[in-house]
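my_file_28.tsv follows (TSV, C-alpha atoms):
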```tsv
chain	number	residue	atom	x	y	z
A	1	MET	CA	-10.81	-10.75	-12.06
A	2	LEU	CA	-11.93	-7.29	-13.16
A	3	GLY	CA	-11.58	-6.03	-16.73
A	4	ASN	CA	-10.17	-2.65	-17.73
A	5	GLY	CA	-12.91	-1.36	-20.01
A	6	THR	CA	-11.19	-2.38	-23.27
A	7	ASP	CA	-12.54	-5.20	-25.43
A	8	ILE	CA	-9.34	-7.26	-25.30
A	9	GLY	CA	-8.90	-6.61	-21.58
A	10	ASP	CA	-12.47	-7.62	-20.72
A	11	GLN	CA	-12.19	-10.74	-22.89
A	12	LEU	CA	-8.96	-11.75	-21.14
A	13	ALA	CA	-10.52	-11.18	-17.71
A	14	ASP	CA	-13.62	-13.19	-18.62
A	15	ALA	CA	-11.49	-16.06	-19.95
A	16	SER	CA	-9.23	-16.19	-16.87
A	17	TYR	CA	-9.80	-18.70	-14.10
A	18	TYR	CA	-8.06	-17.49	-10.96
A	19	ASN	CA	-6.91	-19.56	-8.01
A	20	GLY	CA	-4.14	-19.09	-5.49
A	21	LEU	CA	-2.39	-20.28	-2.37
A	22	GLU	CA	-0.88	-18.28	0.51
A	23	LEU	CA	1.39	-19.23	3.40
A	24	ARG	CA	1.80	-16.81	6.32
A	25	LEU	CA	3.99	-16.66	9.40
A	26	GLY	CA	2.49	-14.30	11.95
A	27	PHE	CA	3.50	-13.05	15.37
A	28	ARG	CA	1.15	-11.94	18.13
A	29	LEU	CA	2.46	-10.46	21.36
A	30	ASN	CA	0.34	-11.61	24.27
A	31	ASP	CA	1.39	-8.51	26.19
A	32	HIS	CA	-1.84	-7.02	27.50
A	33	THR	CA	0.01	-3.98	28.91
A	34	ASP	CA	1.32	-2.80	25.52
A	35	ILE	CA	-0.63	0.28	24.38
A	36	TYR	CA	-0.87	-0.68	20.70
A	37	ASN	CA	-1.75	-4.25	21.61
A	38	GLN	CA	-4.76	-2.83	23.43
A	39	VAL	CA	-5.58	-0.20	20.79
A	40	TYR	CA	-5.68	-2.88	18.06
A	41	ARG	CA	-7.00	-5.71	20.25
A	42	LEU	CA	-3.94	-8.01	20.10
A	43	PRO	CA	-3.12	-7.82	16.36
A	44	VAL	CA	-1.11	-10.30	14.32
A	45	MET	CA	1.75	-9.05	12.12
A	46	GLY	CA	4.10	-11.05	9.94
A	47	ILE	CA	5.27	-12.07	6.48
A	48	GLY	CA	3.63	-14.10	3.74
A	49	PHE	CA	4.17	-15.86	0.42
A	50	TYR	CA	1.58	-15.82	-2.37
A	51	ALA	CA	1.33	-18.01	-5.48
A	52	SER	CA	-1.43	-17.91	-8.09
A	53	THR	CA	-2.42	-18.75	-11.62
A	54	PHE	CA	-4.92	-17.16	-13.99
A	55	ASN	CA	-4.69	-20.11	-16.39
A	56	GLN	CA	-3.67	-17.59	-19.05
A	57	ASP	CA	-0.16	-17.48	-20.52
A	58	ALA	CA	-0.75	-13.80	-21.35
A	59	ILE	CA	-0.74	-12.98	-17.63
A	60	GLY	CA	1.65	-15.53	-16.14
A	61	LYS	CA	1.73	-17.25	-12.76
A	62	PRO	CA	2.59	-14.50	-10.27
A	63	ASN	CA	4.13	-14.99	-6.85
A	64	ALA	CA	4.56	-12.40	-4.10
A	65	LEU	CA	6.43	-11.82	-0.84
A	66	TYR	CA	4.69	-9.43	1.53
A	67	TYR	CA	4.23	-7.93	4.98
A	68	TYR	CA	0.78	-8.24	6.52
A	69	PHE	CA	-1.27	-7.33	9.56
A	70	THR	CA	-4.53	-8.78	10.89
A	71	MET	CA	-6.56	-6.80	13.42
A	72	PRO	CA	-9.64	-8.09	15.27
A	73	VAL	CA	-12.73	-5.90	15.10
A	74	ASN	CA	-13.31	-6.60	18.80
A	75	PHE	CA	-11.29	-8.33	21.50
A	76	GLU	CA	-11.63	-12.03	20.71
A	77	ARG	CA	-11.85	-13.08	24.38
A	78	ASN	CA	-13.44	-16.55	24.43
A	79	ARG	CA	-15.77	-16.04	21.46
A	80	LYS	CA	-16.05	-18.86	18.96
A	81	ILE	CA	-16.84	-16.55	16.01
A	82	THR	CA	-14.97	-13.27	15.50
A	83	MET	CA	-14.36	-10.70	12.75
A	84	SER	CA	-11.06	-9.14	11.68
A	85	TYR	CA	-9.58	-7.13	8.84
A	86	MET	CA	-6.29	-7.72	7.07
A	87	GLY	CA	-3.91	-5.67	4.93
A	88	SER	CA	-0.91	-6.85	2.90
A	89	PHE	CA	1.78	-4.98	0.95
A	90	GLY	CA	4.73	-6.47	-0.90
A	91	LEU	CA	6.58	-7.32	-4.11
A	92	SER	CA	5.18	-9.67	-6.77
A	93	TYR	CA	7.03	-11.33	-9.64
A	94	ASN	CA	6.72	-13.98	-12.36
A	95	PHE	CA	4.26	-12.07	-14.56
A	96	ASN	CA	4.41	-12.45	-18.33
A	97	PRO	CA	4.84	-8.77	-19.32
A	98	TYR	CA	3.32	-7.23	-22.41
A	99	ASP	CA	5.33	-7.45	-25.63
A	100	GLU	CA	3.92	-6.40	-28.97
A	101	ILE	CA	5.51	-9.44	-30.64
A	102	THR	CA	5.61	-12.26	-28.09
A	103	ASN	CA	2.69	-11.29	-25.80
A	104	PRO	CA	0.38	-8.78	-27.49
A	105	GLN	CA	-2.62	-9.88	-25.41
A	106	GLY	CA	-0.98	-9.17	-22.05
A	107	ILE	CA	-2.15	-5.57	-21.98
A	108	PHE	CA	-2.74	-5.35	-18.21
A	109	ILE	CA	0.86	-5.20	-17.06
A	110	GLY	CA	4.17	-4.28	-18.70
A	111	SER	CA	6.68	-5.60	-16.15
A	112	TYR	CA	7.87	-8.88	-14.67
A	113	ARG	CA	7.93	-7.41	-11.12
A	114	ASN	CA	5.08	-5.42	-9.59
A	115	CYS	CA	3.72	-4.34	-6.24
A	116	TYR	CA	1.18	-6.52	-4.45
A	117	VAL	CA	-1.60	-4.99	-2.32
A	118	ASN	CA	-4.42	-6.87	-0.61
A	119	PHE	CA	-7.21	-5.91	1.80
A	120	ALA	CA	-9.76	-8.33	3.21
A	121	LEU	CA	-12.51	-8.70	5.79
A	122	GLN	CA	-12.41	-12.04	7.63
A	123	MET	CA	-14.88	-14.12	9.61
A	124	ASN	CA	-13.05	-16.48	11.96
A	125	TYR	CA	-14.20	-19.66	13.68
A	126	HIS	CA	-12.01	-20.69	16.63
A	127	ILE	CA	-12.11	-24.48	16.59
A	128	THR	CA	-9.72	-24.86	19.55
A	129	PRO	CA	-7.27	-22.52	21.30
A	130	LYS	CA	-4.69	-23.67	18.71
A	131	TRP	CA	-6.77	-23.98	15.51
A	132	THR	CA	-8.80	-21.32	13.67
A	133	SER	CA	-10.52	-21.39	10.29
A	134	SER	CA	-11.40	-18.22	8.37
A	135	LEU	CA	-13.49	-17.12	5.42
A	136	SER	CA	-12.56	-13.79	3.80
A	137	LEU	CA	-13.63	-11.51	0.97
A	138	GLY	CA	-11.07	-9.01	-0.25
A	139	PHE	CA	-9.58	-6.84	-2.96
A	140	THR	CA	-6.17	-7.57	-4.54
A	141	HIS	CA	-4.22	-5.23	-6.80
A	142	PHE	CA	-1.03	-5.64	-8.87
A	143	SER	CA	0.69	-2.61	-10.39
A	144	ASN	CA	4.16	-1.36	-11.33
A	145	GLY	CA	3.41	2.30	-10.59
A	146	SER	CA	3.92	3.31	-14.26
A	147	PHE	CA	7.52	2.08	-14.13
A	148	ARG	CA	6.80	0.21	-17.35
A	149	LYS	CA	3.85	0.73	-19.71
A	150	PRO	CA	1.23	-0.61	-20.14
A	151	ASN	CA	0.09	-0.45	-16.53
A	152	TYR	CA	-3.66	-0.88	-16.30
A	153	GLY	CA	-2.97	-3.10	-13.31
A	154	ILE	CA	-4.66	-6.37	-12.38
A	155	ASN	CA	-7.54	-6.26	-9.91
A	156	LEU	CA	-9.19	-9.21	-8.20
A	157	ILE	CA	-12.02	-9.78	-5.74
A	158	PRO	CA	-10.92	-13.08	-4.17
A	159	LEU	CA	-12.92	-15.30	-1.84
A	160	SER	CA	-10.52	-17.19	0.44
A	161	LEU	CA	-10.73	-20.07	2.89
A	162	SER	CA	-7.89	-20.48	5.35
A	163	VAL	CA	-6.79	-22.33	8.46
A	164	ALA	CA	-4.35	-21.11	11.12
A	165	TYR	CA	-2.38	-23.04	13.71
A	166	ARG	CA	-0.84	-21.59	16.88
A	167	PRO	CA	2.00	-23.63	18.43
A	168	VAL	CA	1.19	-21.98	21.76
A	169	PRO	CA	-2.51	-21.67	22.67
A	170	PHE	CA	-3.90	-18.15	22.48
A	171	ILE	CA	-4.50	-16.52	25.87
A	172	PRO	CA	-7.63	-14.35	25.46
A	173	PHE	CA	-7.73	-10.86	26.96
A	174	GLU	CA	-10.38	-10.87	29.68
A	175	GLY	CA	-9.71	-7.54	31.38
A	176	ASN	CA	-10.68	-3.96	30.62
A	177	LYS	CA	-8.72	-1.55	28.49
A	178	SER	CA	-6.19	0.49	30.44
A	179	ILE	CA	-4.93	2.94	27.84
A	180	PRO	CA	-3.47	6.22	29.18
A	181	ALA	CA	-5.16	9.39	27.95
A	182	PHE	CA	-3.46	10.57	24.76
A	183	LYS	CA	-1.72	13.96	24.81
A	184	ARG	CA	-2.15	15.71	21.47
A	185	HIS	CA	0.92	17.30	19.91
A	186	ASN	CA	2.33	18.62	16.65
A	187	GLN	CA	4.87	17.08	14.31
A	188	PHE	CA	6.64	18.32	11.18
A	189	ASN	CA	7.81	15.96	8.45
A	190	PHE	CA	10.53	16.76	5.90
A	191	ALA	CA	10.90	14.18	3.14
A	192	PHE	CA	12.62	13.54	-0.17
A	193	THR	CA	11.20	11.05	-2.67
A	194	ALA	CA	12.56	9.69	-5.94
A	195	GLY	CA	11.28	7.26	-8.55
A	196	SER	CA	11.22	6.37	-12.23
A	197	LYS	CA	8.39	6.84	-14.73
A	198	ASN	CA	7.73	5.43	-18.17
A	199	TYR	CA	5.54	7.88	-20.10
A	200	VAL	CA	5.26	6.07	-23.43
A	201	GLU	CA	5.44	2.33	-24.04
A	202	GLY	CA	8.84	1.36	-25.51
A	203	GLU	CA	10.53	4.67	-24.64
A	204	PRO	CA	13.08	5.30	-21.83
A	205	ASN	CA	12.24	5.97	-18.18
A	206	TYR	CA	12.75	9.38	-16.59
A	207	LEU	CA	13.42	10.64	-13.10
A	208	LYS	CA	10.53	11.78	-10.91
A	209	ALA	CA	11.39	13.34	-7.56
A	210	ALA	CA	9.78	15.47	-4.88
A	211	VAL	CA	10.41	17.45	-1.72
A	212	MET	CA	7.59	17.27	0.82
A	213	ILE	CA	6.98	19.32	3.94
A	214	ASN	CA	3.95	18.79	6.13
A	215	TRP	CA	2.52	19.61	9.52
A	216	LEU	CA	0.45	17.01	11.34
A	217	ARG	CA	-1.53	17.09	14.55
A	218	ALA	CA	-1.40	13.78	16.44
A	219	LEU	CA	-5.04	13.26	17.39
A	220	ASN	CA	-4.77	9.92	19.22
A	221	TYR	CA	-2.67	6.77	19.24
A	222	LYS	CA	-3.94	5.81	15.77
A	223	TYR	CA	-4.29	8.95	13.69
A	224	ARG	CA	-2.41	12.11	12.73
A	225	ALA	CA	-3.82	14.68	10.30
A	226	GLY	CA	-2.69	17.96	8.77
A	227	LEU	CA	-1.55	19.87	5.68
A	228	GLY	CA	1.56	19.87	3.55
A	229	LEU	CA	3.35	21.23	0.50
A	230	ASP	CA	4.67	18.94	-2.29
A	231	ILE	CA	7.16	20.19	-4.90
A	232	PHE	CA	7.75	17.77	-7.80
A	233	TYR	CA	10.50	17.59	-10.39
A	234	SER	CA	10.00	15.68	-13.67
A	235	GLY	CA	13.22	14.95	-15.56
A	236	GLN	CA	13.86	15.96	-19.18
A	237	SER	CA	10.42	17.41	-19.71
A	238	GLY	CA	11.54	19.28	-22.81
A	239	THR	CA	13.06	16.19	-24.42
A	240	ARG	CA	9.87	14.23	-23.85
A	241	ASN	CA	7.56	16.98	-25.13
A	242	ASN	CA	9.69	18.25	-28.02
A	243	THR	CA	10.31	21.65	-26.48
A	244	GLU	CA	12.88	23.44	-24.36
A	245	THR	CA	13.44	22.09	-20.87
A	246	THR	CA	12.73	24.86	-18.38
A	247	LEU	CA	12.13	25.13	-14.65
A	248	SER	CA	8.50	25.97	-15.35
A	249	ASN	CA	7.72	22.80	-17.32
A	250	SER	CA	9.80	20.60	-14.98
A	251	VAL	CA	8.39	21.64	-11.60
A	252	SER	CA	4.90	21.20	-10.14
A	253	VAL	CA	3.53	22.36	-6.80
A	254	ALA	CA	0.60	21.05	-4.76
A	255	VAL	CA	-1.08	21.46	-1.39
A	256	ALA	CA	-1.78	18.14	0.31
A	257	GLY	CA	-4.20	17.09	2.99
A	258	SER	CA	-2.16	14.50	4.88
A	259	TRP	CA	-3.14	11.61	7.15
A	260	GLU	CA	-1.06	9.03	9.00
A	261	TRP	CA	-2.52	5.79	10.33
A	262	ALA	CA	-0.16	4.43	13.01
A	263	LEU	CA	-0.12	0.62	13.20
A	264	ASN	CA	2.31	0.75	16.11
A	265	LYS	CA	4.96	3.09	17.49
A	266	HIS	CA	7.14	2.77	14.39
A	267	LEU	CA	5.06	1.51	11.47
A	268	TYR	CA	2.41	3.66	9.81
A	269	VAL	CA	0.38	4.13	6.63
A	270	PRO	CA	0.69	7.60	5.05
A	271	LEU	CA	-2.35	8.80	3.08
A	272	ALA	CA	-2.92	12.05	1.22
A	273	PHE	CA	-5.28	13.85	-1.12
A	274	ALA	CA	-3.68	16.83	-2.86
A	275	VAL	CA	-4.61	19.61	-5.26
A	276	TYR	CA	-2.12	21.12	-7.69
A	277	MET	CA	-1.40	24.83	-7.55
A	278	LYS	CA	0.82	24.35	-10.61
A	279	ARG	CA	0.89	21.27	-12.83
A	280	ASN	CA	2.15	20.12	-16.24
A	281	GLU	CA	0.05	17.71	-18.28
A	282	GLY	CA	3.17	16.79	-20.28
A	283	ASN	CA	4.57	15.26	-17.09
A	284	GLY	CA	1.66	12.88	-16.66
A	285	GLU	CA	-0.29	15.19	-14.34
A	286	SER	CA	-3.55	14.53	-16.15
A	287	VAL	CA	-6.03	15.89	-13.57
A	288	PRO	CA	-5.85	18.76	-11.03
A	289	TYR	CA	-5.53	16.43	-8.02
A	290	TYR	CA	-3.83	13.22	-6.90
A	291	GLU	CA	-3.86	10.59	-4.15
A	292	ARG	CA	-1.06	8.96	-2.16
A	293	ALA	CA	-0.87	5.78	-0.07
A	294	GLY	CA	1.88	3.47	1.12
A	295	LEU	CA	3.86	2.19	4.09
A	296	ARG	CA	6.62	3.84	6.17
A	297	TYR	CA	8.77	3.04	9.19
A	298	ARG	CA	9.88	5.71	11.68
A	299	PHE	CA	13.04	4.87	13.63
A	300	ASN	CA	13.76	5.87	17.23
A	301	ASN	CA	15.95	8.76	16.00
A	302	ASN	CA	12.94	10.19	14.05
A	303	LEU	CA	14.38	9.25	10.65
A	304	PHE	CA	11.81	7.48	8.47
A	305	ALA	CA	11.81	5.54	5.22
A	306	GLY	CA	9.22	3.84	3.07
A	307	ILE	CA	7.42	3.61	-0.22
A	308	THR	CA	4.22	5.26	-1.41
A	309	ILE	CA	2.37	5.34	-4.68
A	310	LYS	CA	1.15	8.61	-6.17
A	311	ALA	CA	-1.87	8.29	-8.44
A	312	HIS	CA	-4.14	10.51	-10.54
A	313	LYS	CA	-7.77	9.46	-10.27
A	314	GLY	CA	-6.66	5.93	-9.38
A	315	SER	CA	-4.11	5.72	-12.23
A	316	ALA	CA	-0.53	5.36	-10.96
A	317	ASP	CA	1.93	8.20	-11.57
A	318	PHE	CA	5.04	6.71	-9.91
A	319	PHE	CA	6.36	4.88	-6.87
A	320	GLU	CA	7.86	7.30	-4.36
A	321	TRP	CA	10.87	5.82	-2.54
A	322	THR	CA	11.02	8.05	0.51
A	323	ILE	CA	13.46	9.10	3.22
A	324	GLY	CA	12.81	11.86	5.72
A	325	TYR	CA	12.98	13.27	9.21
A	326	THR	CA	10.30	14.14	11.77
A	327	LEU	CA	10.46	17.04	14.21
A	328	SER	CA	8.28	16.19	17.19
A	329	ARG	CA	8.18	16.25	20.98
A	330	ASP	CA	5.80	13.46	21.79
A	331	PRO	CA	4.77	13.72	25.46
A	332	ASN	CA	3.15	10.27	25.50
A	333	LYS	CA	4.82	7.24	27.06
A	334	TYR	CA	4.60	4.04	25.03
```
Using structure tokens, write down the structure from this file.
Amino acid sequence: MLGNGTDIGDQLADASYYNGLELRLGFRLNDHTDIYNQVYRLPVMGIGFYASTFNQDAIGKPNALYYYFTMPVNFERNRKITMSYMGSFGLSYNFNPYDEITNPQGIFIGSYRNCYVNFALQMNYHITPKWTSSLSLGFTHFSNGSFRKPNYGINLIPLSLSVAYRPVPFIPFEGNKSIPAFKRHNQFNFAFTAGSKNYVEGEPNYLKAAVMINWLRALNYKYRAGLGLDIFYSGQSGTRNNTETTLSNSVSVAVAGSWEWALNKHLYVPLAFAVYMKRNEGNGESVPYYERAGLRYRFNNNLFAGITIKAHKGSADFFEWTIGYTLSRDPNKY
């Protein structure tokens, strides 16, 4: 467990003894003709449950429910030892939140429910076609996106040992890739996001919202990149900063470099790095730039929905619950 640079936080991290258990149910389509199955070398996607303890009442014994994907670095074929990488995103609960009276030492997290994010690199040993053991090293993060202060977040570097069982033996892919040439094209995204932010511990939450417009160039089956414009609204800025609420101190504008990582035809990871053209420090916009990452799902009718987290220099600003629409004429056949 990593500390947060404060004396009490580092002492709590040093005194914590972390262990955990995870159960996953994954699905792998043995369809060698599917484009994304070939692009990602027969990935596994599914749901998981996480339970852990830090052996510290100040932190609690968090659990989590999450979506995950595991992607081989190379086609596994008949190899005994393979490598893969895994990502997980979900909702955690059962923390002991900070309280100045009942839990003054729990300074890492101020809420009972938080997001759960995990990334790991795995080395796999295929014992039989049905049984696989894995050793992984990863990074795990818990945060509430500044929904409730304090929100330093909890960060772990876990070493994990796991075993997987397949009811139906895995059929390795022995052929050559047969992926059609990708036809590049443009797409335009129009999105609305809303969330809630706690600026000062113990004070009320306030609305944070944004309108986002971006243009992306689809470069291949995996990646789309482009530029966009973000316009943010921060509620009751005058009330919070003891001044008059005006359009100028409520609205911020930024130019964003946008990136989408497509996991399949529908599911993708939006990423962005943006620079403010106009910002307000009283609205929590502490530095001239911010980052964005999350998970979204695009339906067949081009509507999309998802959640992202906006952060300043790694410190969460707010969770962006997002709905939107994509204008695109994709000439590729999936």
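With only C-alpha atoms as the atoms that count, the residue of A:Phe190, A:Phe147, A:Tyr125, A:Trp321 with the shortest distance to Thr82 (chain A) is A:Tyr125.
Counting only C-alpha atoms and comparing A:Tyr233, A:Tyr68, A:Phe170, A:Tyr18, the residue that lies closest to Ser196 (chain A) is A:Tyr233.
Minimum atom-to-atom distances from A:Phe75, A:Tyr297, A:Phe318, A:Tyr116 to Tyr268 (chain A) were compared using only C-alpha atoms, and the lowest value belongs to A:Tyr297.
Taking CA of Asp10 (chain A) as the reference point, CA of Asn55 (chain A) is found at 15.3 Å.
Straight-line separation from CA of Ala120 (chain A) to CA of Thr53 (chain A): 19.6 Å.
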(Q) So that I can check the surroundings of Ala256 (chain A), please list as a ChimeraX atom specification every protein, DNA and RNA residue that reaches within 8 Å of it, counting all atoms listed in the file and ignoring chain neighbours fewer than 2 positions away. (A) /A:227-230,254,258,272-275
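Within the 9 Å cut-off around Ile171 (chain A), using all atoms listed in the file and omitting residues fewer than 4 positions from it on the same chain, the listed residues are A:Asn30, A:Arg77, A:Pro129.
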(Q) Which residues are close to region 238-247 of chain A, i.e. within 10 Å by all atoms listed in the file, leaving aside same-chain residues fewer than 2 positions away? Reply as a list in words. (A) Tyr199, Val200, Glu203, Pro204, Tyr206, Tyr233, Ser234, Gly235, Gln236, Asn249, Ser250, Val251, Ser252, Gly282 and Asn283 of chain A
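With CA of Pro172 (chain A) on one side and CA of Lys130 (chain A) on the other, the separation reads 11.9 Å.
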Q: May I ask which of the residues A:Ile231, A:Ile107, A:Leu21, A:Ala64 is the closest one to Val163 (chain A), counting only C-alpha atoms?
A: A:Leu21
Q: List the neighbours of Leu91 (chain A) out to 9 Å using all atoms listed in the file; skip same-chain residues closer than 2 positions along the sequence, and give me the result as a list in words.
A: Asn63, Ala64, Leu65, Tyr66, Phe89, Tyr93, Arg113, Asn114, Cys115, Tyr116 and Val117 of chain A
Q: Show which residues sit within 6 Å of Ala218 (chain A), as number ranges by chain. Count all atoms listed in the file, and ignore same-chain residues fewer than 5 positions away.
A: A: 184-185, 224
(Q) Calculated over only C-alpha atoms, which of the candidates A:Val269, A:Tyr36, A:Gly153, A:Phe319 has the smallest distance to Ser178 (chain A)? (A) A:Tyr36
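Minimum atom-to-atom distances from A:Leu12, A:Ile81, A:Leu303, A:Leu271 to Leu216 (chain A) were compared using all atoms listed in the file, and the lowest value belongs to A:Leu271.
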